[in-house]
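A quick write-up on the structure given underneath.
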Amino acid sequence: MKQSWKPGTMIYPLPAVLVGVGDRRENWNLITIGWVGTICTNPAMCYISVRPERHSYPLIEQTREFTINLTTEQMARETDWCGVKSGRDYDKFNETGLTPMEGEMVKSPTIEQSPLAIECKVVEIKELGSHNMIIAEVVNIRADEKFIDKETGEFRLQDAKLISYSHGHYYKLGEEIGKFGFSVKKK
């Protein structure tokens, strides 16, 4: 039997990411985002949803760019901290010890400790209510070489120990249970 609930945000789990914003070291900031995802393959596009009152929101509006940095078990504490503290009051890079790196195609910072950083340019901002959806084109990907198999060239993101966010909690990602197409693969 199932219960009916009032409409709410129940699509979980989600990636827990750190979004880098700003266009120079003096205004660089990090914001923890759970509402993030892929929109399109060609062209590569994604979105983040941010409350307009957040410190990082006007920086995204002004610069029209940001980075999405995937987070790992080792970054869990810093990821949470950046979500509960404001860039109005803290230099999050100094406070967390995360290492900023200027993007290659954007001026917003990427994070050295992140296994994968996605550099984005804003295409559109949709005002939706409590959050605005920021739609962006992916202009560059920065992948940590330590996760690239030297023999096959495969990027082994599964070895990075990524974390996810589900209904107020952070979780380690589990073990593989199948590969795309496994249900129809001939034996």
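Ordered as shown in the structure tokens, chains take letters A, B, and onward, while each chain numbers its residues from 1 and ligands are numbered from 1 in the order shown.
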
Query - Filtered DSSP result for chain A, state strand (DSSP E), as a ChimeraX atom specification - result: /A:14-15,17-21,29-33,36-40,45-50,65-70,100-102,109-111,116-127,132-143,163-166,169-172

Closest pair table for range 123-171 of chain A residues within 12 Å of range 40-62 of chain A, only C-alpha atoms, as CSV:
residue,atom,partner,partner_atom,distance
A:Val123,CA,A:Met45,CA,9.1
A:Glu124,CA,A:Tyr47,CA,9.6
A:Ile125,CA,A:Glu61,CA,8.4
A:Lys126,CA,A:Ser49,CA,9.2
A:Glu127,CA,A:Pro52,CA,9.1
A:Leu128,CA,A:Ser49,CA,9.4
A:Gly129,CA,A:Arg51,CA,8.7
A:Ser130,CA,A:Arg51,CA,6.0
A:His131,CA,A:Arg51,CA,4.3
A:Asn132,CA,A:Ser49,CA,5.4
A:Met133,CA,A:Ser49,CA,4.3
A:Ile134,CA,A:Ile48,CA,5.3
A:Ile135,CA,A:Tyr47,CA,4.5
A:Ala136,CA,A:Cys46,CA,5.5
A:Glu137,CA,A:Met45,CA,4.4
A:Val138,CA,A:Ala44,CA,5.4
A:Val139,CA,A:Ala44,CA,8.0
A:Asn140,CA,A:Ala44,CA,9.7
A:Ile141,CA,A:Ala44,CA,10.6

Query - Shell around range 76-78 of chain A at 10 Å using only C-alpha atoms, local window under 2 positions removed, as a PyMOL selection string - result: chain A and resi 16-18+32+71-74+80-83+92-93+95-98+162-164+170-172
